[in-house]
Each structure stands twice: as structure tokens, then as C-alpha cells.
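**Student:** First the structure, then my questions, so here it is.
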Amino acid sequence: MTSPSVNFMVKSEQQPGHREVCGYGDEFRPKLVRSRPFRGKRRRDVQTEPLRRLMAAILCEAVNRFQRNLFQTSLYRRCEFVEAEFWLFKDGSEALFSFNNVSDCLSVDPRHIRQELSDWRQDQFQAASSTKSLPRTLGQRFC
């Protein structure tokens with residue numbers, strides 16, 4: 001005794017195909033479009049885009065905390081500043097979310113960011129010692 005799937009296959013082979021019933025040749029038949037050639041880089045971007053956005057948010061938050069808490073005196077704010085400073089300038093680890101890996105993933109130069117932040121900090125100390133003015137931020141330069 002044969003199984004139902006074999007009987008179905010035998011019957012479907014005996015029935016006329018679409019070409020014989022409709023009388024259309026290959027020129028009117030719809031072409032099958034494979035998605036593989038179009039996936040390439042775009043598919044990888046779709047898969048990594050959430051991670052890149054998270055890394056960009058981490059970098060922006062670190063820069064904001066570094067700038068916002070430069071002259072703060074409360075313990076909580078000073079801890080935020082020290083953590084951001086350590087992550088931006090001193091952390092040499094190879095962890096996924098280390099500053100060097102985040103910069104590499106986002107295609108930004110970590111030395112440039114460090115130099116800009118160092119220059120900004122120096123300007124803030126000079127401005128604070130000369131005029132006692134409020135510190136300015138880098139604005140939208142990084143974020």
C-alpha cells in the first residue's frame with residue numbers, strides 16, 4: 001500500500017501544467033526574483049542597526065555626562081563625571097561596549113574625540129578661572 005503523499009505526487013504529475021492549460025509560453029511567465037543578490041550590505045545594516053544606535057547613545061551619554069558634570073560638587077554628579085572620564089580617556093579594555101570598540105563600530109576617531117574633549121575641558125578651566133562664567137557645552141558636535 002502506498003502512502004497518501006506518494007499518491008498525491010503521482011496525481012499531480014498526471015495533471016496538465018499551467019503552461020498546457022493557459023497556452024502561454026515562457027515569455028509571459030512571471031520571473032522568479034531571488035532576494036539574495038539584493039540582501040548584501042543592506043541586510044547586514046538592518047541586523048546591526050540597533051546595536052549601532054545603542055552604541056551611539058552610549059557615546060552621546062558619556063560625552064554629555066562628562067560636560068554636564070565637570071564643575072559639579074555633589075557626590076552623585078562627581079561620580080558620573082569620573083565614570084564618564086574613565087570610560088572616555090582611560091578604559092583600555094576590549095569589551096563590546098568599551099570606548100575603542102564603540103568608536104570603531106561607529107567609524108569615528110577616538111583620538112579626535114579625546115582631543116576635542118581635552119581642549120574643551122582646558123577652555124572651561126581657563127574661562128572659569130578668568131571670568132567665573134558658566135561652562136558652555138560642545139553642543140551638537142558629537143551627538
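Residues in the C-alpha cells are named by chain (A, B, ... in the order shown) and by number from 1 within that chain; ligands are numbered from 1 in the order shown.
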Determine, counting only C-alpha atoms, which protein, DNA and RNA residues have an atom within 9 Å of an atom of region 92-97 of chain A; residues of the same chain fewer than 5 positions away are not included. Present the result as a ChimeraX atom specification.
**Tutor:** /A:55,58,87,102
**Student:** Find the residues near Val108 (chain A): any atom within 12 Å, counting only C-alpha atoms, skip ones fewer than 6 places away on the same chain, and give them as a PyMOL selection string.
**Tutor:** chain A and resi 55-56+59+99-102+114+142-143
**Student:** Print the selection's residues with N, CA and C atoms to a file, as a tab-separated table (two decimals), in the first residue's frame.
**Tutor:**
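Written out: part_4.tsv:
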chain	number	residue	atom	x	y	z
A	55	MET	N	25.13	51.93	20.66
A	55	MET	CA	26.49	52.41	20.86
A	55	MET	C	26.57	53.93	20.70
A	56	ALA	N	25.84	54.48	19.75
A	56	ALA	CA	25.81	55.93	19.59
A	56	ALA	C	25.19	56.61	20.81
A	59	LEU	N	27.77	56.58	23.63
A	59	LEU	CA	28.80	57.59	23.41
A	59	LEU	C	28.27	58.99	23.71
A	99	PHE	N	35.10	52.12	24.95
A	99	PHE	CA	35.13	53.33	24.12
A	99	PHE	C	35.77	53.05	22.77
A	100	ASN	N	36.85	52.29	22.76
A	100	ASN	CA	37.52	52.00	21.49
A	100	ASN	C	36.64	51.17	20.56
A	101	ASN	N	35.94	50.17	21.07
A	101	ASN	CA	35.05	49.37	20.23
A	101	ASN	C	33.85	50.16	19.73
A	102	VAL	N	33.30	51.00	20.59
A	102	VAL	CA	32.17	51.84	20.18
A	102	VAL	C	32.60	52.80	19.08
A	114	ARG	N	38.75	62.42	22.00
A	114	ARG	CA	39.51	62.69	23.24
A	114	ARG	C	40.18	64.05	23.18
A	142	PHE	N	29.20	66.18	18.68
A	142	PHE	CA	29.33	64.73	18.70
A	142	PHE	C	27.99	64.02	18.64
A	143	CYS	N	26.95	64.61	19.16
A	143	CYS	CA	25.68	63.89	19.27
A	143	CYS	C	24.61	64.55	18.44
**Student:** Could you jot down the CA of Tyr76 (chain A) to CA of Gln115 (chain A) separation for me, Å, one decimal place?
**Tutor:** 25.9 Å
**Student:** Please, what distance in Å, to one decimal, runs between CA of Leu88 (chain A) and CA of Asp119 (chain A)?
**Tutor:** 13.9 Å
**Student:** Residues within 10 Å of region 68-74 of chain A, please, as a PDB file with C-alpha atoms, in the first residue's frame. Count only C-alpha atoms; anything in the same chain fewer than 2 positions from it doesn't count.
**Tutor:**
ATOM      1  CA  ALA A  62      29.170  59.676  28.152  1.00  0.00           C
ATOM      2  CA  VAL A  63      30.057  62.969  26.434  1.00  0.00           C
ATOM      3  CA  ASN A  64      27.008  64.670  27.951  1.00  0.00           C
ATOM      4  CA  ARG A  65      27.823  63.418  31.456  1.00  0.00           C
ATOM      5  CA  PHE A  66      31.435  64.481  31.063  1.00  0.00           C
ATOM      6  CA  TYR A  76      26.480  61.707  42.677  1.00  0.00           C
ATOM      7  CA  ARG A  77      27.412  64.187  39.941  1.00  0.00           C
ATOM      8  CA  ARG A  78      31.132  63.803  40.599  1.00  0.00           C
ATOM      9  CA  CYS A  79      30.766  60.008  40.328  1.00  0.00           C
ATOM     10  CA  GLU A  80      29.007  60.434  36.984  1.00  0.00           C
ATOM     11  CA  PHE A  81      31.834  62.648  35.794  1.00  0.00           C
ATOM     12  CA  VAL A  82      34.559  60.265  36.944  1.00  0.00           C
ATOM     13  CA  ALA A  84      32.447  59.138  32.034  1.00  0.00           C
ATOM     14  CA  GLU A  85      36.030  60.392  32.181  1.00  0.00           C
ATOM     15  CA  ARG A 121      37.931  70.978  29.364  1.00  0.00           C
ATOM     16  CA  GLN A 124      36.361  75.619  30.552  1.00  0.00           C
ATOM     17  CA  PHE A 125      39.010  75.777  33.262  1.00  0.00           C
ATOM     18  CA  ALA A 128      36.155  79.630  34.902  1.00  0.00           C
ATOM     19  CA  LEU A 134      29.022  79.257  33.420  1.00  0.00           C
ATOM     20  CA  PRO A 135      30.574  76.412  31.421  1.00  0.00           C
ATOM     21  CA  ARG A 136      29.494  76.034  27.816  1.00  0.00           C
ATOM     22  CA  THR A 137      28.986  72.679  26.123  1.00  0.00           C
TER      23      THR A 137
END
**Student:** Quick check, in Å to one decimal: how far apart do CA of Cys105 (chain A) and CA of Arg52 (chain A) lie?
**Tutor:**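 The value is 7.0 Å.
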**Student:** Using only C-alpha atoms for the distances, tell me which of A:Arg53, A:Gln67, A:Cys60, A:Val46 is nearest to Leu117 (chain A).
**Tutor:**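 Nearest candidate to Leu117 (chain A) out of A:Arg53, A:Gln67, A:Cys60, A:Val46: A:Gln67.
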